[in-house]
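Quick look at final39.txt (compact mmCIF, C-alpha atoms):
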```txt
# COMPACT_ATOMS: atom_id res chain seq x y z
CA MET A 42 10.65 99.06 -75.22
CA LYS A 43 10.17 96.97 -78.34
CA LYS A 44 6.74 95.43 -78.18
CA GLN A 45 5.93 91.75 -78.33
CA VAL A 46 4.80 90.66 -81.76
CA LEU A 47 2.66 87.92 -83.27
CA VAL A 48 4.30 86.23 -86.24
CA GLY A 49 2.22 84.05 -88.54
CA TYR A 50 3.02 81.94 -91.57
CA MET A 51 0.50 82.36 -94.39
CA HIS A 52 0.00 79.57 -96.91
CA ALA A 53 0.24 81.79 -99.97
CA SER A 54 1.35 79.15 -102.46
CA PHE A 55 -0.75 76.17 -101.31
CA ALA A 56 -3.91 75.39 -99.31
CA ASN A 57 -2.58 72.80 -96.83
CA GLY A 58 -6.06 71.61 -95.88
CA SER A 59 -6.93 74.74 -93.94
CA GLY A 60 -8.16 76.86 -96.83
CA TYR A 61 -6.74 79.90 -98.59
CA ILE A 62 -6.85 83.37 -97.04
CA ARG A 63 -6.72 86.48 -99.18
CA MET A 64 -4.04 88.86 -98.02
CA ALA A 65 -6.63 91.61 -97.48
CA ASP A 66 -8.49 89.30 -95.08
CA VAL A 67 -5.52 88.46 -92.85
CA SER A 68 -6.34 89.54 -89.30
CA ASN A 69 -4.78 92.78 -88.11
CA ASP A 70 -3.65 90.94 -84.98
CA TRP A 71 -0.64 89.64 -86.94
CA ASP A 72 2.41 91.89 -86.80
CA ILE A 73 4.68 89.90 -89.13
CA ILE A 74 3.22 87.86 -91.98
CA GLN A 75 5.47 85.18 -93.47
CA LEU A 76 4.53 84.30 -97.06
CA SER A 77 5.03 80.57 -97.43
CA PHE A 78 7.04 79.55 -99.35
CA ALA A 79 9.73 80.47 -101.84
CA GLU A 80 11.03 77.16 -103.19
CA PRO A 81 14.03 76.25 -105.35
CA ASP A 82 14.16 74.93 -108.90
CA SER A 83 16.41 72.20 -107.52
CA PRO A 84 17.96 71.69 -104.07
CA THR A 85 21.39 72.97 -105.11
CA SER A 86 20.52 75.62 -107.72
CA GLY A 87 20.00 78.52 -105.32
CA ASN A 88 17.38 79.82 -107.74
CA LEU A 89 14.12 80.34 -105.88
CA HIS A 90 10.67 81.24 -107.05
CA PHE A 91 7.45 82.25 -105.32
CA ASN A 92 4.32 80.97 -107.02
CA ARG A 93 0.90 82.08 -105.88
CA CYS A 94 -1.58 79.35 -105.03
CA PRO A 95 -3.28 78.17 -108.26
CA ALA A 96 -7.02 78.65 -108.60
CA SER A 97 -7.41 74.90 -109.05
CA GLU A 98 -6.27 74.46 -105.44
CA CYS A 99 -7.36 77.81 -103.96
CA ALA A 100 -10.64 78.76 -105.59
CA ASN A 101 -10.80 82.13 -103.83
CA VAL A 102 -7.26 83.23 -104.69
CA GLU A 103 -7.04 86.94 -105.53
CA SER A 104 -5.34 88.46 -108.54
CA ASP A 105 -1.67 89.44 -108.40
CA ALA A 106 -2.71 93.09 -108.47
CA ASP A 107 -5.04 92.66 -105.49
CA PHE A 108 -2.43 90.64 -103.62
CA LEU A 109 0.16 93.36 -104.12
CA ALA A 110 -2.27 96.11 -103.11
CA ALA A 111 -3.16 94.19 -99.94
CA ILE A 112 0.53 93.80 -99.02
CA LYS A 113 0.97 97.55 -99.34
CA ALA A 114 -2.10 98.14 -97.18
CA LYS A 115 -0.76 95.84 -94.46
CA GLN A 116 2.57 97.66 -94.52
CA ALA A 117 0.81 101.03 -94.33
CA ALA A 118 -0.89 99.72 -91.17
CA GLY A 119 2.53 98.98 -89.64
CA LYS A 120 2.76 95.27 -90.47
CA LYS A 121 5.81 93.57 -91.93
CA VAL A 122 5.40 91.12 -94.80
CA LEU A 123 8.27 88.71 -95.48
CA ILE A 124 8.98 85.87 -97.87
CA SER A 125 9.78 82.60 -96.11
CA ILE A 126 12.24 80.20 -97.70
CA GLY A 127 12.18 76.45 -97.47
CA GLY A 128 9.63 74.72 -95.31
CA ALA A 129 9.28 70.96 -95.04
CA ASN A 130 9.41 70.43 -98.81
CA GLY A 131 11.81 73.13 -99.99
CA GLN A 132 15.41 72.00 -99.58
CA VAL A 133 17.89 74.80 -100.29
CA SER A 134 21.59 73.88 -100.15
CA LEU A 135 23.93 76.67 -101.22
CA ALA A 136 26.89 74.37 -101.80
CA SER A 137 28.58 76.60 -104.40
CA THR A 138 29.24 80.29 -104.91
CA ALA A 139 27.12 80.10 -108.07
CA ALA A 140 24.19 78.86 -105.98
CA ARG A 141 24.84 81.63 -103.45
CA ASP A 142 24.74 84.28 -106.17
CA ALA A 143 21.59 82.79 -107.71
CA PHE A 144 20.00 82.84 -104.25
CA VAL A 145 20.76 86.52 -103.77
CA SER A 146 19.52 87.39 -107.26
CA SER A 147 16.30 85.39 -107.08
CA MET A 148 15.46 86.49 -103.53
CA SER A 149 16.03 90.12 -104.49
CA ALA A 150 13.67 89.65 -107.42
CA ILE A 151 10.94 88.23 -105.17
CA ILE A 152 11.36 90.95 -102.55
CA ASP A 153 11.29 93.67 -105.20
CA ARG A 154 8.36 92.16 -107.15
CA TRP A 155 6.09 92.17 -104.11
CA GLY A 156 7.62 95.09 -102.19
CA LEU A 157 8.44 92.90 -99.18
CA ASP A 158 10.20 93.89 -95.98
CA GLY A 159 12.68 91.03 -95.87
CA LEU A 160 12.91 87.28 -95.55
CA ASP A 161 12.54 84.37 -93.19
CA ILE A 162 14.90 81.39 -93.16
CA ASP A 163 12.93 78.19 -92.56
CA PHE A 164 15.51 75.66 -93.74
CA GLU A 165 14.44 72.22 -92.61
CA GLY A 166 15.42 68.71 -93.61
CA HIS A 167 19.00 68.57 -94.89
CA SER A 168 19.36 72.05 -96.38
CA ILE A 169 22.21 72.91 -94.01
CA TYR A 170 24.60 70.73 -92.07
CA LEU A 171 28.17 70.78 -90.76
CA ASN A 172 31.00 68.89 -92.40
CA ASN A 173 33.24 66.72 -90.26
CA GLY A 174 35.94 68.86 -88.70
CA ASP A 175 33.91 72.07 -88.80
CA ARG A 176 34.05 72.77 -85.07
CA ASP A 177 34.32 76.56 -84.64
CA PHE A 178 30.96 78.35 -84.80
CA LYS A 179 32.79 81.68 -85.12
CA ASN A 180 34.63 80.55 -88.24
CA PRO A 181 32.56 77.93 -90.07
CA THR A 182 34.02 76.18 -93.11
CA THR A 183 31.12 74.11 -94.48
CA PRO A 184 30.13 75.66 -97.85
CA VAL A 185 26.36 75.50 -97.31
CA VAL A 186 26.80 77.47 -94.08
CA VAL A 187 29.45 79.90 -95.34
CA ASN A 188 27.47 80.69 -98.50
CA LEU A 189 24.21 81.22 -96.61
CA ILE A 190 25.91 83.69 -94.28
CA SER A 191 27.47 85.51 -97.23
CA ALA A 192 24.11 85.70 -99.03
CA LEU A 193 22.32 87.14 -96.00
CA LYS A 194 25.02 89.78 -95.52
CA THR A 195 24.75 90.73 -99.19
CA LEU A 196 20.96 91.11 -98.95
CA LYS A 197 21.31 93.19 -95.79
CA ALA A 198 23.81 95.47 -97.56
CA LYS A 199 21.42 95.81 -100.50
CA TYR A 200 18.31 96.73 -98.49
CA GLY A 201 19.86 98.51 -95.53
CA ALA A 202 18.27 99.34 -92.21
CA LYS A 203 14.74 98.45 -93.33
CA PHE A 204 15.70 94.81 -93.97
CA VAL A 205 13.87 92.37 -91.67
CA LEU A 206 15.43 88.94 -91.10
CA THR A 207 13.78 86.18 -89.12
CA MET A 208 14.57 82.48 -88.65
CA ALA A 209 12.51 79.47 -87.63
CA PRO A 210 14.94 76.65 -86.82
CA GLU A 211 13.85 73.25 -85.61
CA THR A 212 15.13 72.43 -82.14
CA LEU A 213 17.70 69.89 -83.39
CA LEU A 214 19.26 72.50 -85.66
CA LEU A 215 19.54 75.03 -82.83
CA HIS A 216 19.35 73.76 -79.25
CA GLY A 217 20.83 70.45 -80.37
CA GLY A 218 24.22 72.17 -80.29
CA ARG A 219 24.28 71.98 -76.52
CA MET A 220 24.77 68.21 -76.63
CA PHE A 221 26.37 67.75 -80.05
CA TYR A 222 27.75 70.10 -82.67
CA GLY A 223 27.41 68.62 -86.13
CA SER A 224 28.47 64.98 -85.95
CA GLY A 225 29.90 65.58 -82.48
CA ALA A 226 33.47 65.65 -81.24
CA TRP A 227 33.71 61.87 -81.66
CA GLY A 228 31.56 61.56 -84.80
CA GLY A 229 28.39 59.58 -85.29
CA ALA A 230 25.77 62.22 -84.40
CA ASP A 231 23.42 64.01 -86.80
CA THR A 232 25.49 66.53 -88.77
CA ARG A 233 22.66 69.08 -88.44
CA ASN A 234 23.03 69.42 -84.67
CA GLY A 235 23.32 73.14 -83.85
CA VAL A 236 23.90 74.13 -87.49
CA TYR A 237 21.98 77.41 -87.09
CA LEU A 238 24.39 78.56 -84.37
CA PRO A 239 27.17 79.80 -86.71
CA VAL A 240 24.58 81.40 -89.00
CA ILE A 241 22.87 83.26 -86.17
CA HIS A 242 26.20 84.31 -84.70
CA ALA A 243 27.39 85.75 -88.02
CA VAL A 244 24.26 87.87 -88.59
CA ARG A 245 23.36 88.72 -84.99
CA ASP A 246 24.00 92.42 -85.59
CA PHE A 247 21.06 92.65 -88.00
CA LEU A 248 18.95 89.63 -87.05
CA THR A 249 15.41 90.65 -86.13
CA ILE A 250 13.93 87.54 -84.46
CA VAL A 251 14.68 83.84 -84.05
CA HIS A 252 11.41 82.06 -83.31
CA ALA A 253 12.38 78.41 -82.99
CA GLN A 254 9.83 75.74 -83.78
CA HIS A 255 8.86 74.45 -80.35
CA TYR A 256 6.76 71.72 -81.95
CA ASN A 257 7.29 68.40 -83.74
CA SER A 258 10.25 67.99 -81.40
CA GLY A 259 11.44 65.30 -79.08
CA PRO A 260 12.59 66.13 -75.53
CA VAL A 261 15.34 68.77 -75.43
CA ALA A 262 17.83 69.55 -72.66
CA GLY A 263 17.82 73.03 -71.19
CA ALA A 264 20.96 74.84 -70.10
CA ASN A 265 20.69 73.01 -66.77
CA GLY A 266 20.99 69.62 -68.48
CA THR A 267 17.41 68.60 -67.68
CA TYR A 268 15.30 67.33 -70.56
CA TYR A 269 11.88 68.89 -71.11
CA ASN A 270 8.98 67.77 -73.27
CA ALA A 271 7.39 69.92 -75.97
CA GLY A 272 3.98 71.31 -75.14
CA THR A 273 4.92 72.28 -71.58
CA VAL A 274 5.63 75.60 -69.89
CA ASP A 275 9.11 74.40 -68.86
CA PHE A 276 10.05 73.43 -72.43
CA ASN A 277 9.22 76.86 -73.83
CA VAL A 278 10.81 78.78 -70.97
CA ALA A 279 14.00 76.70 -70.77
CA LEU A 280 14.70 76.73 -74.51
CA SER A 281 13.97 80.46 -74.78
CA ASP A 282 16.20 81.20 -71.80
CA MET A 283 19.06 79.27 -73.47
CA MET A 284 18.80 81.52 -76.50
CA ILE A 285 19.32 84.60 -74.33
CA THR A 286 21.89 83.41 -71.79
CA GLY A 287 23.87 81.39 -74.33
CA PHE A 288 25.28 77.95 -73.66
CA PRO A 289 28.47 75.89 -73.96
CA ILE A 290 28.50 73.89 -77.18
CA GLU A 291 28.72 70.18 -76.34
CA GLY A 292 29.08 71.28 -72.72
CA ASN A 293 32.52 72.76 -73.41
CA ALA A 294 32.84 76.01 -71.45
CA ALA A 295 35.71 77.07 -73.74
CA ASN A 296 33.33 76.95 -76.72
CA PHE A 297 30.51 79.13 -75.42
CA TRP A 298 27.83 80.34 -77.83
CA PRO A 299 26.82 83.85 -76.66
CA GLY A 300 23.10 84.48 -76.42
CA LEU A 301 21.00 87.01 -78.24
CA ARG A 302 19.23 90.10 -76.92
CA PRO A 303 15.80 89.24 -75.46
CA ASP A 304 14.13 91.32 -78.18
CA GLN A 305 15.66 88.99 -80.79
CA VAL A 306 14.11 85.83 -79.32
CA GLY A 307 10.65 84.34 -79.57
CA PHE A 308 9.23 80.85 -79.96
CA GLY A 309 6.77 79.12 -82.24
CA LEU A 310 3.74 76.96 -81.51
CA PRO A 311 1.06 75.31 -83.65
CA ALA A 312 -2.15 77.29 -84.05
CA ASN A 313 -4.29 74.23 -83.35
CA ALA A 314 -4.28 70.46 -83.12
CA GLN A 315 -4.26 69.97 -86.90
CA ALA A 316 -1.31 72.26 -87.57
CA ALA A 317 1.47 70.03 -86.19
CA GLY A 318 2.11 66.60 -84.79
CA SER A 319 3.06 67.79 -81.30
CA GLY A 320 3.84 70.84 -79.20
CA GLN A 321 0.33 72.28 -78.99
CA MET A 322 -0.30 74.44 -75.93
CA SER A 323 -3.43 75.73 -74.28
CA THR A 324 -3.85 79.50 -74.27
CA ALA A 325 -3.42 79.52 -70.49
CA ASP A 326 -0.17 77.54 -70.53
CA THR A 327 1.26 79.58 -73.40
CA GLN A 328 0.65 82.75 -71.45
CA LYS A 329 2.15 81.20 -68.31
CA ALA A 330 5.35 80.67 -70.29
CA PHE A 331 5.30 84.33 -71.31
CA ASP A 332 4.52 85.43 -67.75
CA CYS A 333 7.55 83.47 -66.56
CA LEU A 334 9.88 84.92 -69.20
CA VAL A 335 8.59 88.50 -69.10
CA LYS A 336 7.59 88.92 -65.46
CA GLY A 337 9.06 85.99 -63.53
CA THR A 338 5.60 84.73 -62.48
CA ASN A 339 3.65 81.53 -63.23
CA CYS A 340 6.86 79.57 -63.83
CA GLY A 341 6.95 75.81 -63.66
CA SER A 342 9.93 73.93 -62.28
CA TYR A 343 12.35 75.85 -64.52
CA ARG A 344 13.05 79.48 -63.69
CA PRO A 345 14.92 81.64 -66.21
CA ALA A 346 18.16 83.37 -65.32
CA ASN A 347 16.42 86.77 -65.46
CA THR A 348 13.14 88.31 -66.46
CA TYR A 349 12.97 89.58 -70.03
CA PRO A 350 10.39 92.39 -70.45
CA THR A 351 11.44 92.80 -74.10
CA PHE A 352 11.14 89.10 -74.98
CA ARG A 353 10.00 89.48 -78.54
CA GLY A 354 7.03 87.32 -79.27
CA LEU A 355 5.20 84.31 -80.52
CA MET A 356 5.17 82.64 -83.92
CA THR A 357 2.61 80.18 -85.21
CA TRP A 358 2.06 77.76 -88.01
CA SER A 359 -0.16 79.19 -89.30
CA VAL A 360 -2.37 82.17 -90.10
CA ASN A 361 -4.57 79.85 -92.14
CA TRP A 362 -4.95 77.24 -89.41
CA ASP A 363 -5.70 80.04 -86.93
CA LYS A 364 -8.59 81.23 -89.10
CA PHE A 365 -9.73 77.63 -89.51
CA ASN A 366 -9.98 77.54 -85.70
CA ASN A 367 -11.98 80.80 -85.54
CA TYR A 368 -8.93 82.95 -84.64
CA GLU A 369 -8.63 81.45 -81.17
CA PHE A 370 -4.81 81.69 -81.18
CA SER A 371 -4.35 85.21 -82.55
CA ARG A 372 -7.20 86.88 -80.67
CA ALA A 373 -6.19 85.49 -77.29
CA HIS A 374 -2.50 86.24 -77.60
CA ALA A 375 -2.90 89.65 -79.20
CA ALA A 376 -5.10 90.63 -76.26
CA TYR A 377 -2.54 89.21 -73.84
CA PHE A 378 0.27 91.21 -75.44
CA LYS A 379 -1.82 94.35 -75.06
CA SER A 380 -2.17 93.55 -71.37
CA LEU A 381 1.64 93.67 -71.17
CA GLY A 382 1.54 97.28 -72.24
CA ASN A 383 1.96 96.91 -76.00
```
Rewrite the structure from the file as structure tokens, please.
Amino acid sequence: MKKQVLVGYMHASFANGSGYIRMADVSNDWDIIQLSFAEPDSPTSGNLHFNRCPASECANVESDADFLAAIKAKQAAGKKVLISIGGANGQVSLASTAARDAFVSSMSAIIDRWGLDGLDIDFEGHSIYLNNGDRDFKNPTTPVVVNLISALKTLKAKYGAKFVLTMAPETLLLHGGRMFYGSGAWGGADTRNGVYLPVIHAVRDFLTIVHAQHYNSGPVAGANGTYYNAGTVDFNVALSDMMITGFPIEGNAANFWPGLRPDQVGFGLPANAQAAGSGQMSTADTQKAFDCLVKGTNCGSYRPANTYPTFRGLMTWSVNWDKFNNYEFSRAHAAYFKSLGN
């Protein structure tokens, strides 16, 4: 059985109000550490760079040599260290093949420079979208989607079996496809609805985890058509269940998006009240959601189609905010995962 994992974003290039953490001081409770963020020279260049937090902003920042040594030490302890791309401020639109090729080249350089295990796609804002008329998730035609898929396949071919790929879509860009796909069959909807669905489908054979952002989200409909509010057990269970069972895009049974394996699905929550605008969960309620998904107990009104003992894990924004809050998030949930037999 693949064990549940804790995934944490680490503010490596900025402080974000929570303070800088040296890589060597990151808690061993984290299984996957997402370095945040690689950002582009311009939204459409495809050329990304990863800049360490400057000493003027992060007074305790370590040297490059110490940072690299600490990454190697984490990996020797069985952790995975990835570079995350995008975030709220890093728009990356691969609208041309030149941008696609620059993306592959620059991401390879970052991975090689720091000896990383792979990358995380955290495209937010308007980085990816679906053009009008792009209706088939199995055969997308929108350049920003087609080029992203091509780039990820190229990086997988370059790094082979060791390559780790994770994604952190916002709910609109993922679960939104149940109600609308792109602008919708009749037009007028947000063109980002469900845009991650063709990307995930194209790379499902080597995708490690999708841990959707179950925060800063409005109500979202589960596979049963009922809307649930973020920050509740039902919201986290229903949206996670959808990712495993699959769902008809725009309710069309003939256009069914097939789900992922349970070990490819997790969900993300804020580490504390300061880390996001909504979606925070108490430790008890978070673990009730996991109990429901993994064991079929402590469910709310929504019950998943099956139990998923290999349901993969929990992501948080962020490692830094967790430390700011005296490790309440990571300590509690790492202990809980151990109680599941990990």
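One distance worth recording is that between CA of Pro345 (chain A) and CA of Gly266 (chain A), which is 13.7 Å.
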- Task: Skip region 273-285 of chain A itself and residues of its chain fewer than 2 positions away, then list as a PyMOL selection string all residues within 6 Å of it, counting only C-alpha atoms.
- Result: chain A and resi 263-264+269-271+287+300-301+303+330+341+343+345
Residues of region 56-77 of chain A within 10 Å of region 151-165 of chain A: nearest atom pair and distance (Å, one decimal) for each, counting only C-alpha atoms, sorted by chain and number, as a Markdown table?
```
| residue | atom | partner | partner_atom | distance |
| --- | --- | --- | --- | --- |
| A:Ile73 | CA | A:Asp158 | CA | 9.7 |
| A:Gln75 | CA | A:Asp161 | CA | 7.1 |
| A:Leu76 | CA | A:Asp161 | CA | 8.9 |
| A:Ser77 | CA | A:Asp161 | CA | 9.4 |
```
Identify, on the basis of only C-alpha atoms, every residue whose closest approach to Asn347 (chain A) does not exceed 10 Å; exclude the query and any residue fewer than 6 positions from it along the same chain; express the result as a CSV table (one decimal) with C-alpha atoms, keeping the file's coordinate frame.
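Below is the file that was written, around17.csv:
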```csv
chain,number,residue,atom,x,y,z
A,282,ASP,CA,16.2,81.2,-71.8
A,285,ILE,CA,19.3,84.6,-74.3
A,286,THR,CA,21.9,83.4,-71.8
A,333,CYS,CA,7.6,83.5,-66.6
A,334,LEU,CA,9.9,84.9,-69.2
A,335,VAL,CA,8.6,88.5,-69.1
A,336,LYS,CA,7.6,88.9,-65.5
A,337,GLY,CA,9.1,86.0,-63.5
```
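Here CA of Gly354 (chain A) is placed at a distance of 27.0 Å from CA of Lys199 (chain A).
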- If you count all atoms listed in the file, which residues fall within 10 Å of Ser224 (chain A), apart from same-chain ones fewer than 3 positions away, as number ranges by chain? A: 170-176, 221, 227-235
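Neighbourhood of point (2.9, 86.9, -75.3): residues with an atom at most 9 Å away, counting only C-alpha atoms, are A:Gln45, A:Val46, A:Leu47, A:Thr327, A:Gln328, A:Ala330, A:Phe331, A:Asp332, A:Val335, A:Phe352, A:Arg353, A:Gly354, A:Leu355, A:His374, A:Ala375, A:Ala376, A:Tyr377, A:Phe378, A:Lys379, A:Leu381.
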Expected file: the selected residues, C-alpha atoms, as a PDB file, in the coordinates of the input:
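Writing done, so here's result.pdb:
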```pdb
ATOM      1  CA  GLN A  45       5.930  91.750 -78.330  1.00  0.00           C
ATOM      2  CA  VAL A  46       4.800  90.660 -81.760  1.00  0.00           C
ATOM      3  CA  LEU A  47       2.660  87.920 -83.270  1.00  0.00           C
ATOM      4  CA  THR A 327       1.260  79.580 -73.400  1.00  0.00           C
ATOM      5  CA  GLN A 328       0.650  82.750 -71.450  1.00  0.00           C
ATOM      6  CA  ALA A 330       5.350  80.670 -70.290  1.00  0.00           C
ATOM      7  CA  PHE A 331       5.300  84.330 -71.310  1.00  0.00           C
ATOM      8  CA  ASP A 332       4.520  85.430 -67.750  1.00  0.00           C
ATOM      9  CA  VAL A 335       8.590  88.500 -69.100  1.00  0.00           C
ATOM     10  CA  PHE A 352      11.140  89.100 -74.980  1.00  0.00           C
ATOM     11  CA  ARG A 353      10.000  89.480 -78.540  1.00  0.00           C
ATOM     12  CA  GLY A 354       7.030  87.320 -79.270  1.00  0.00           C
ATOM     13  CA  LEU A 355       5.200  84.310 -80.520  1.00  0.00           C
ATOM     14  CA  HIS A 374      -2.500  86.240 -77.600  1.00  0.00           C
ATOM     15  CA  ALA A 375      -2.900  89.650 -79.200  1.00  0.00           C
ATOM     16  CA  ALA A 376      -5.100  90.630 -76.260  1.00  0.00           C
ATOM     17  CA  TYR A 377      -2.540  89.210 -73.840  1.00  0.00           C
ATOM     18  CA  PHE A 378       0.270  91.210 -75.440  1.00  0.00           C
ATOM     19  CA  LYS A 379      -1.820  94.350 -75.060  1.00  0.00           C
ATOM     20  CA  LEU A 381       1.640  93.670 -71.170  1.00  0.00           C
TER      21      LEU A 381
END
```
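Take CA of Val145 (chain A) and CA of Asn188 (chain A): the distance between them is 10.3 Å.
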- Any idea what's packed within 8 Å of Leu310 (chain A), counting all atoms listed in the file, ignoring anything in its chain fewer than 4 positions away? Could you give it as a PyMOL selection string? chain A and resi 254-256+320-322+355-358
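Within 10 Å of Asn296 (chain A), once only C-alpha atoms are used and residues closer than 5 positions along the same chain are dropped, the contacting residues are Arg176, Asp177, Phe178, Lys179, Phe288, Pro289, Ile290 and Glu291 of chain A.
Distances to Met51 (chain A) were evaluated for A:Arg219, A:Lys364, A:Lys194, A:Lys203 using all atoms listed in the file, and the minimum falls at A:Lys364.
Of the listed residues A:Lys197, A:His252, A:Lys120, A:His167, the one whose atoms come nearest to Val236 (chain A) is A:His167, with distances taken using all atoms listed in the file.
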- For Cys99 (chain A), which residue out of A:Trp71, A:Phe78, A:Tyr61, A:Tyr237 is the nearest one, using all atoms listed in the file? A:Tyr61
Which centre and edge lengths in Å to one decimal define the box along x, y and z that fits every listed atom of region 165-173 of chain A plus 6 Å per side, as lines of an AutoDock Vina configuration file?
```
center_x = 23.8
center_y = 69.8
center_z = -93.3
size_x = 30.8
size_y = 18.2
size_z = 18.1
```
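Across A:Ser59, A:Ser137, A:Asp72, A:Ala65, the tightest approach to Ala111 (chain A) is made by A:Ala65 when counting all atoms listed in the file.
Minimum distance to Val240 (chain A) across A:Trp298, A:Tyr50, A:Tyr268, A:Trp362 (counting only C-alpha atoms) occurs at A:Trp298.
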- Item | Residue among A:Ile112, A:Ser191, A:Phe297, A:Arg302 lying closest to Arg141 (chain A), counting only C-alpha atoms | A:Ser191
